[in-house]
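The file coords.cif contains mmCIF, C-alpha atoms:
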```cif
data_work
#
loop_
_atom_site.group_PDB
_atom_site.id
_atom_site.type_symbol
_atom_site.label_atom_id
_atom_site.label_comp_id
_atom_site.auth_asym_id
_atom_site.auth_seq_id
_atom_site.Cartn_x
_atom_site.Cartn_y
_atom_site.Cartn_z
ATOM 1 C CA MET A 40 131.094 144.536 109.477
ATOM 2 C CA GLU A 41 131.036 146.596 106.297
ATOM 3 C CA LEU A 42 127.646 148.136 105.538
ATOM 4 C CA LEU A 43 128.351 150.584 102.703
ATOM 5 C CA ARG A 44 131.036 150.621 100.018
ATOM 6 C CA VAL A 45 131.447 153.397 97.459
ATOM 7 C CA THR A 46 133.916 152.673 94.654
ATOM 8 C CA GLY A 47 135.010 154.918 91.787
ATOM 9 C CA LEU A 48 131.920 157.101 92.088
ATOM 10 C CA SER A 49 131.846 159.922 89.540
ATOM 11 C CA TYR A 50 128.975 162.189 88.571
ATOM 12 C CA GLY A 51 128.431 165.296 86.470
ATOM 13 C CA TYR A 52 125.453 167.283 85.279
ATOM 14 C CA ASN A 53 126.988 167.042 81.827
ATOM 15 C CA SER A 54 130.325 166.087 80.370
ATOM 16 C CA HIS A 55 131.722 169.580 80.990
ATOM 17 C CA ILE A 56 130.638 170.001 84.623
ATOM 18 C CA PRO A 57 131.995 167.209 86.849
ATOM 19 C CA VAL A 58 130.573 167.253 90.368
ATOM 20 C CA LEU A 59 132.220 164.172 91.865
ATOM 21 C CA GLU A 60 135.256 162.274 90.604
ATOM 22 C CA ASP A 61 136.507 158.863 91.711
ATOM 23 C CA ILE A 62 135.011 158.832 95.219
ATOM 24 C CA CYS A 63 135.901 155.723 97.237
ATOM 25 C CA PHE A 64 135.163 154.924 100.884
ATOM 26 C CA SER A 65 133.379 152.445 103.114
ATOM 27 C CA LEU A 66 131.261 152.586 106.269
ATOM 28 C CA GLY A 67 130.714 149.924 108.888
ATOM 29 C CA GLU A 68 127.570 149.084 110.806
ATOM 30 C CA GLY A 69 126.757 151.785 113.338
ATOM 31 C CA GLY A 70 129.583 153.970 112.058
ATOM 32 C CA CYS A 71 129.519 157.733 111.724
ATOM 33 C CA LEU A 72 131.267 159.470 108.832
ATOM 34 C CA CYS A 73 131.246 163.238 108.414
ATOM 35 C CA VAL A 74 131.707 164.745 104.956
ATOM 36 C CA ALA A 75 133.156 168.251 104.940
ATOM 37 C CA GLY A 76 133.956 170.690 102.179
ATOM 38 C CA ALA A 77 133.369 174.190 100.915
ATOM 39 C CA ASN A 78 130.221 175.121 98.999
ATOM 40 C CA GLY A 79 130.105 173.340 95.662
ATOM 41 C CA SER A 80 132.455 170.548 96.694
ATOM 42 C CA GLY A 81 129.831 167.851 96.038
ATOM 43 C CA LYS A 82 128.669 166.984 99.557
ATOM 44 C CA SER A 83 124.914 167.116 98.922
ATOM 45 C CA THR A 84 125.249 165.307 95.596
ATOM 46 C CA LEU A 85 127.137 162.487 97.311
ATOM 47 C CA LEU A 86 124.344 162.005 99.850
ATOM 48 C CA GLU A 87 121.656 162.074 97.162
ATOM 49 C CA LEU A 88 123.498 159.449 95.118
ATOM 50 C CA ILE A 89 123.781 157.148 98.144
ATOM 51 C CA ALA A 90 120.072 157.664 98.841
ATOM 52 C CA GLY A 91 119.212 156.783 95.242
ATOM 53 C CA CYS A 92 117.606 160.167 94.646
ATOM 54 C CA ILE A 93 119.548 160.873 91.455
ATOM 55 C CA LYS A 94 120.939 158.665 88.698
ATOM 56 C CA GLY A 95 123.558 158.868 85.981
ATOM 57 C CA ALA A 96 126.688 158.220 88.057
ATOM 58 C CA SER A 97 129.521 155.901 87.136
ATOM 59 C CA GLY A 98 131.163 153.699 89.704
ATOM 60 C CA GLU A 99 129.418 151.636 92.342
ATOM 61 C CA ILE A 100 127.431 152.131 95.559
ATOM 62 C CA LEU A 101 126.814 148.928 97.498
ATOM 63 C CA ILE A 102 124.777 148.427 100.660
ATOM 64 C CA ARG A 103 125.445 144.991 102.104
ATOM 65 C CA GLY A 104 126.880 144.033 98.745
ATOM 66 C CA GLU A 105 123.811 145.049 96.745
ATOM 67 C CA PRO A 106 123.871 147.996 94.310
ATOM 68 C CA VAL A 107 121.770 151.071 94.985
ATOM 69 C CA THR A 108 120.061 152.559 91.944
ATOM 70 C CA ARG A 109 116.786 154.307 91.181
ATOM 71 C CA LYS A 110 115.598 150.953 89.817
ATOM 72 C CA THR A 111 115.978 149.213 93.178
ATOM 73 C CA PRO A 112 113.544 150.937 95.590
ATOM 74 C CA GLY A 113 114.005 148.173 98.140
ATOM 75 C CA GLU A 114 117.636 149.200 98.526
ATOM 76 C CA ARG A 115 116.743 152.863 98.843
ATOM 77 C CA ARG A 116 114.711 151.973 101.900
ATOM 78 C CA LYS A 117 117.962 151.045 103.606
ATOM 79 C CA THR A 118 118.788 154.752 103.677
ATOM 80 C CA GLY A 119 116.935 157.670 105.225
ATOM 81 C CA MET A 120 117.614 161.171 103.904
ATOM 82 C CA VAL A 121 117.294 164.346 105.975
ATOM 83 C CA PHE A 122 117.625 167.401 103.744
ATOM 84 C CA GLN A 123 119.255 170.665 104.756
ATOM 85 C CA ASP A 124 115.953 172.556 104.896
ATOM 86 C CA PRO A 125 113.414 170.640 107.033
ATOM 87 C CA ASP A 126 110.592 172.504 105.286
ATOM 88 C CA ASN A 127 111.328 170.278 102.290
ATOM 89 C CA GLN A 128 110.156 167.302 104.357
ATOM 90 C CA LEU A 129 107.320 168.860 106.354
ATOM 91 C CA PHE A 130 104.277 169.607 104.208
ATOM 92 C CA MET A 131 101.293 167.890 105.857
ATOM 93 C CA PRO A 132 98.754 169.582 108.190
ATOM 94 C CA THR A 133 100.299 168.020 111.300
ATOM 95 C CA ILE A 134 103.703 166.667 112.235
ATOM 96 C CA TRP A 135 102.524 163.111 112.853
ATOM 97 C CA GLU A 136 101.091 163.016 109.336
ATOM 98 C CA ASP A 137 104.437 164.200 107.955
ATOM 99 C CA VAL A 138 106.306 161.523 109.872
ATOM 100 C CA ALA A 139 103.813 158.800 108.916
ATOM 101 C CA PHE A 140 103.707 159.785 105.236
ATOM 102 C CA GLY A 141 106.414 157.353 104.131
ATOM 103 C CA VAL A 142 104.896 154.247 105.726
ATOM 104 C CA MET A 143 101.308 155.181 104.852
ATOM 105 C CA HIS A 144 102.391 155.637 101.242
ATOM 106 C CA ARG A 145 103.351 151.956 101.379
ATOM 107 C CA GLY A 146 99.891 150.898 102.499
ATOM 108 C CA VAL A 147 100.023 151.171 106.296
ATOM 109 C CA SER A 148 96.694 152.234 107.814
ATOM 110 C CA ALA A 149 96.229 155.671 109.362
ATOM 111 C CA GLY A 150 95.953 154.143 112.832
ATOM 112 C CA GLU A 151 99.149 152.162 112.540
ATOM 113 C CA GLY A 152 100.832 155.077 110.797
ATOM 114 C CA ARG A 153 100.071 157.347 113.729
ATOM 115 C CA GLN A 154 101.409 154.828 116.233
ATOM 116 C CA ARG A 155 104.633 154.430 114.266
ATOM 117 C CA ALA A 156 104.914 158.189 113.910
ATOM 118 C CA LEU A 157 104.530 158.689 117.660
ATOM 119 C CA ALA A 158 107.265 156.112 118.267
ATOM 120 C CA ALA A 159 109.601 157.824 115.786
ATOM 121 C CA LEU A 160 108.883 161.219 117.332
ATOM 122 C CA ALA A 161 109.494 159.809 120.803
ATOM 123 C CA ALA A 162 112.880 158.532 119.600
ATOM 124 C CA VAL A 163 113.912 162.120 118.824
ATOM 125 C CA GLY A 164 112.299 163.650 121.908
ATOM 126 C CA ALA A 165 109.475 165.265 119.946
ATOM 127 C CA GLU A 166 106.354 163.215 120.648
ATOM 128 C CA HIS A 167 104.695 166.335 122.093
ATOM 129 C CA LEU A 168 104.823 167.920 118.628
ATOM 130 C CA ALA A 169 102.686 165.250 116.971
ATOM 131 C CA ASP A 170 99.490 167.287 116.540
ATOM 132 C CA ARG A 171 101.089 170.645 115.817
ATOM 133 C CA PRO A 172 101.351 172.122 112.309
ATOM 134 C CA PRO A 173 104.887 172.454 110.924
ATOM 135 C CA TYR A 174 104.693 176.246 110.597
ATOM 136 C CA LYS A 175 104.344 176.592 114.373
ATOM 137 C CA LEU A 176 107.604 174.790 115.127
ATOM 138 C CA SER A 177 110.993 176.312 115.849
ATOM 139 C CA GLY A 178 113.994 175.482 113.686
ATOM 140 C CA GLY A 179 115.248 172.872 116.147
ATOM 141 C CA GLU A 180 111.805 171.286 116.465
ATOM 142 C CA LYS A 181 111.488 171.089 112.687
ATOM 143 C CA GLN A 182 114.876 169.404 112.443
ATOM 144 C CA ARG A 183 113.863 166.776 115.006
ATOM 145 C CA ALA A 184 110.635 166.137 113.108
ATOM 146 C CA ALA A 185 112.539 165.841 109.818
ATOM 147 C CA ILE A 186 114.857 163.265 111.387
ATOM 148 C CA ALA A 187 111.792 161.347 112.598
ATOM 149 C CA THR A 188 110.437 161.210 109.014
ATOM 150 C CA ALA A 189 113.600 159.299 108.097
ATOM 151 C CA LEU A 190 113.797 157.118 111.219
ATOM 152 C CA ILE A 191 110.243 155.789 110.812
ATOM 153 C CA LEU A 192 111.472 153.923 107.711
ATOM 154 C CA GLU A 193 114.025 152.098 109.910
ATOM 155 C CA PRO A 194 117.039 152.932 107.745
ATOM 156 C CA GLU A 195 120.370 151.241 108.173
ATOM 157 C CA ILE A 196 122.101 154.446 107.087
ATOM 158 C CA LEU A 197 120.857 157.903 108.059
ATOM 159 C CA LEU A 198 122.025 160.616 105.650
ATOM 160 C CA LEU A 199 121.949 164.179 106.995
ATOM 161 C CA ASP A 200 122.733 167.304 104.989
ATOM 162 C CA GLU A 201 123.748 170.272 107.179
ATOM 163 C CA PRO A 202 121.654 169.158 110.194
ATOM 164 C CA THR A 203 122.742 172.128 112.347
ATOM 165 C CA ALA A 204 122.377 174.840 109.697
ATOM 166 C CA ALA A 205 120.454 177.950 110.824
ATOM 167 C CA LEU A 206 119.928 176.626 114.363
ATOM 168 C CA ASP A 207 120.512 178.694 117.481
ATOM 169 C CA PRO A 208 123.229 177.428 119.872
ATOM 170 C CA ARG A 209 120.862 175.507 122.171
ATOM 171 C CA ALA A 210 118.980 173.845 119.296
ATOM 172 C CA ARG A 211 122.303 172.988 117.660
ATOM 173 C CA ARG A 212 123.590 171.328 120.817
ATOM 174 C CA ASN A 213 120.326 169.405 121.215
ATOM 175 C CA ILE A 214 120.543 168.056 117.654
ATOM 176 C CA ILE A 215 124.166 166.981 118.171
ATOM 177 C CA SER A 216 123.197 165.236 121.408
ATOM 178 C CA LEU A 217 120.333 163.498 119.608
ATOM 179 C CA LEU A 218 122.595 162.253 116.809
ATOM 180 C CA GLN A 219 124.998 160.849 119.392
ATOM 181 C CA THR A 220 122.206 158.628 120.730
ATOM 182 C CA LEU A 221 121.140 157.093 117.404
ATOM 183 C CA ASP A 222 122.413 153.556 116.809
ATOM 184 C CA CYS A 223 122.117 153.446 113.011
ATOM 185 C CA ALA A 224 125.045 154.294 110.754
ATOM 186 C CA LYS A 225 125.235 157.975 109.861
ATOM 187 C CA ILE A 226 126.772 160.059 107.090
ATOM 188 C CA ILE A 227 126.631 163.757 107.937
ATOM 189 C CA ALA A 228 127.574 166.467 105.445
ATOM 190 C CA GLY A 229 128.181 170.077 106.337
ATOM 191 C CA HIS A 230 130.386 172.978 107.350
ATOM 192 C CA ASP A 231 129.948 172.624 111.119
ATOM 193 C CA LEU A 232 133.416 171.317 111.926
ATOM 194 C CA ASP A 233 132.851 171.579 115.677
ATOM 195 C CA MET A 234 129.903 169.194 115.287
ATOM 196 C CA MET A 235 132.184 166.826 113.411
ATOM 197 C CA LEU A 236 134.673 166.859 116.276
ATOM 198 C CA ASP A 237 131.858 165.768 118.584
ATOM 199 C CA LEU A 238 130.310 163.131 116.322
ATOM 200 C CA ALA A 239 132.787 161.523 113.995
ATOM 201 C CA GLY A 240 135.615 159.098 114.316
ATOM 202 C CA GLU A 241 136.346 159.763 110.660
ATOM 203 C CA THR A 242 135.925 162.735 108.354
ATOM 204 C CA LEU A 243 136.062 162.741 104.565
ATOM 205 C CA PHE A 244 136.995 166.067 102.986
ATOM 206 C CA LEU A 245 135.835 166.936 99.483
ATOM 207 C CA HIS A 246 137.487 169.615 97.372
ATOM 208 C CA GLN A 247 136.338 170.383 93.855
ATOM 209 C CA GLY A 248 134.564 167.046 93.647
ATOM 210 C CA ARG A 249 137.489 164.896 94.747
ATOM 211 C CA ILE A 250 138.553 163.435 98.069
ATOM 212 C CA ALA A 251 141.174 165.751 99.541
ATOM 213 C CA ALA A 252 141.648 163.694 102.700
ATOM 214 C CA HIS A 253 139.976 160.899 104.646
ATOM 215 C CA GLY A 254 141.006 159.978 108.126
ATOM 216 C CA LYS A 255 140.619 160.549 111.838
ATOM 217 C CA ALA A 256 138.531 163.626 112.555
ATOM 218 C CA ALA A 257 140.561 164.557 115.635
ATOM 219 C CA GLU A 258 143.715 164.837 113.504
ATOM 220 C CA LEU A 259 142.474 166.321 110.230
ATOM 221 C CA LEU A 260 140.281 168.952 111.882
ATOM 222 C CA ARG A 261 143.385 170.348 113.613
ATOM 223 C CA ASP A 262 145.385 170.738 110.395
ATOM 224 C CA GLU A 263 144.928 174.454 109.756
ATOM 225 C CA PRO A 264 147.048 174.724 106.571
ATOM 226 C CA PHE A 265 145.154 171.819 105.008
ATOM 227 C CA LEU A 266 141.773 173.263 105.953
ATOM 228 C CA ARG A 267 142.612 176.681 104.560
ATOM 229 C CA ASN A 268 143.838 175.105 101.326
ATOM 230 C CA ILE A 269 140.392 173.597 100.687
ATOM 231 C CA GLY A 270 138.434 176.691 101.720
ATOM 232 C CA LEU A 271 137.693 175.850 105.351
ATOM 233 C CA GLU A 272 138.873 177.132 108.713
ATOM 234 C CA LEU A 273 139.698 175.563 112.041
ATOM 235 C CA PRO A 274 136.726 174.555 114.203
ATOM 236 C CA LEU A 275 135.877 177.458 116.485
ATOM 237 C CA SER A 276 136.692 175.371 119.530
ATOM 238 C CA LEU A 277 140.257 174.951 118.245
ATOM 239 C CA ALA A 278 140.844 178.450 116.897
ATOM 240 C CA PRO A 279 143.379 180.469 118.912
ATOM 241 C CA CYS A 280 141.974 183.287 120.997
ATOM 242 C CA LYS A 281 143.011 186.735 119.847
ATOM 243 C CA ASP A 282 143.487 189.696 122.137
ATOM 244 C CA HIS A 283 141.632 192.843 121.122
#
```

Represent the supplied structure as structure tokens.
Amino acid sequence: MELLRVTGLSYGYNSHIPVLEDICFSLGEGGCLCVAGANGSGKSTLLELIAGCIKGASGEILIRGEPVTRKTPGERRKTGMVFQDPDNQLFMPTIWEDVAFGVMHRGVSAGEGRQRALAALAAVGAEHLADRPPYKLSGGEKQRAAIATALILEPEILLLDEPTAALDPRARRNIISLLQTLDCAKIIAGHDLDMMLDLAGETLFLHQGRIAAHGKAAELLRDEPFLRNIGLELPLSLAPCKDH
């Protein structure tokens, strides 16, 4: 069943600087769509528009047939945003307070907020981090905590911007494994094409604010001429080995 539909979505910081032009796609319940593109292609802006974080776009974003705008906070709760830098989401004295912040801001008591936070942390394998301050966490631990801050709001669509950026290989693999276990629909933006091979049935490629291609990840991520044309390279796992 269709969960999200984006139709004719265009956005620019002013009339002379278009960021996105005529973006159209849909996402079904429980689906996973990866959005790839070079720096400046509009990936982060697309996620923020779907989350309702920014306004001023033309076109339409519908979740279950209802429009998402900054004027409809109830719809924004259907999405959970995980930003590229987890430090943007972790600012409280302890991790459980960070995770509980969203529900407590809506009037949930501290006791219930902590219980919900522990459940969200447990869902990402990070319950043991609950009473630790954010600055004492590793990059991978921070990313898990940031994902928990979104999951506690029970989103239907989890939006993740570069979730494996700046992680060491083990932390990266752990985050990919975690994302594979989550049942909610996911839209994941980034440059990690090997992650996209692992996670996505479909990949949408942006180039200069427009859709360059949208189709099966296993096929498009093997098209080296296409990837090079939009400023990307083959996933490392598919790149030919070179003798030295």

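When the PyMOL selection byres ((chain A and resi 195) around 7) is evaluated against the file, it yields Lys117, Thr118, Glu193, Pro194, Ile196, Leu197, Cys223 and Ala224 of chain A.
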
- [ ] Give me the result of the PyMOL selection byres ((chain A and resi 254) around 10) on this file, residue by residue, as a list in words.
- [x]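 Evaluating the PyMOL selection byres ((chain A and resi 254) around 10) on these coordinates yields Leu72, Gly240, Glu241, Thr242, Leu243, Phe244, Ala252, His253, Lys255, Ala256, Ala257, Glu258, Leu259 and Leu260 of chain A.
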
- [ ] Anything within 12 Å of (139.4, 176.7, 110.0): list those residues as a ChimeraX atom specification, counting all atoms listed in the file and sticking to the file's coordinates.
- [x] /A:75-77,230-233,259-279

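Residue selection for this entry, given the PyMOL selection byres ((chain A and resi 153) around 9), comprises Trp135, Glu136, Val138, Ala139, Ser148, Ala149, Gly150, Glu151, Gly152, Gln154, Arg155, Ala156, Leu157, Ala158 and Ala169 of chain A.
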
Same residues, C-alpha atoms, saved as a PDB file, keeping the file's coordinate frame:
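result-v5.pdb was written with the following content:
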```
ATOM      1  CA  TRP A 135     102.524 163.111 112.853  1.00  0.00           C
ATOM      2  CA  GLU A 136     101.091 163.016 109.336  1.00  0.00           C
ATOM      3  CA  VAL A 138     106.306 161.523 109.872  1.00  0.00           C
ATOM      4  CA  ALA A 139     103.813 158.800 108.916  1.00  0.00           C
ATOM      5  CA  SER A 148      96.694 152.234 107.814  1.00  0.00           C
ATOM      6  CA  ALA A 149      96.229 155.671 109.362  1.00  0.00           C
ATOM      7  CA  GLY A 150      95.953 154.143 112.832  1.00  0.00           C
ATOM      8  CA  GLU A 151      99.149 152.162 112.540  1.00  0.00           C
ATOM      9  CA  GLY A 152     100.832 155.077 110.797  1.00  0.00           C
ATOM     10  CA  GLN A 154     101.409 154.828 116.233  1.00  0.00           C
ATOM     11  CA  ARG A 155     104.633 154.430 114.266  1.00  0.00           C
ATOM     12  CA  ALA A 156     104.914 158.189 113.910  1.00  0.00           C
ATOM     13  CA  LEU A 157     104.530 158.689 117.660  1.00  0.00           C
ATOM     14  CA  ALA A 158     107.265 156.112 118.267  1.00  0.00           C
ATOM     15  CA  ALA A 169     102.686 165.250 116.971  1.00  0.00           C
TER      16      ALA A 169
END
```

Open item on the list: Which residues are near Glu99 (chain A)? Cut-off 10 Å, only C-alpha atoms, ignore same chain within fewer than 4 positions. Put them as an MDAnalysis selection string.
Closed with: chainID A and resid 44:49 62:63 89 105:108

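Coordinates place CA of Ala204 (chain A) at a distance of 25.1 Å from CA of Asp170 (chain A).
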
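Coordinates place CA of Asp222 (chain A) at a distance of 15.6 Å from CA of Leu160 (chain A).
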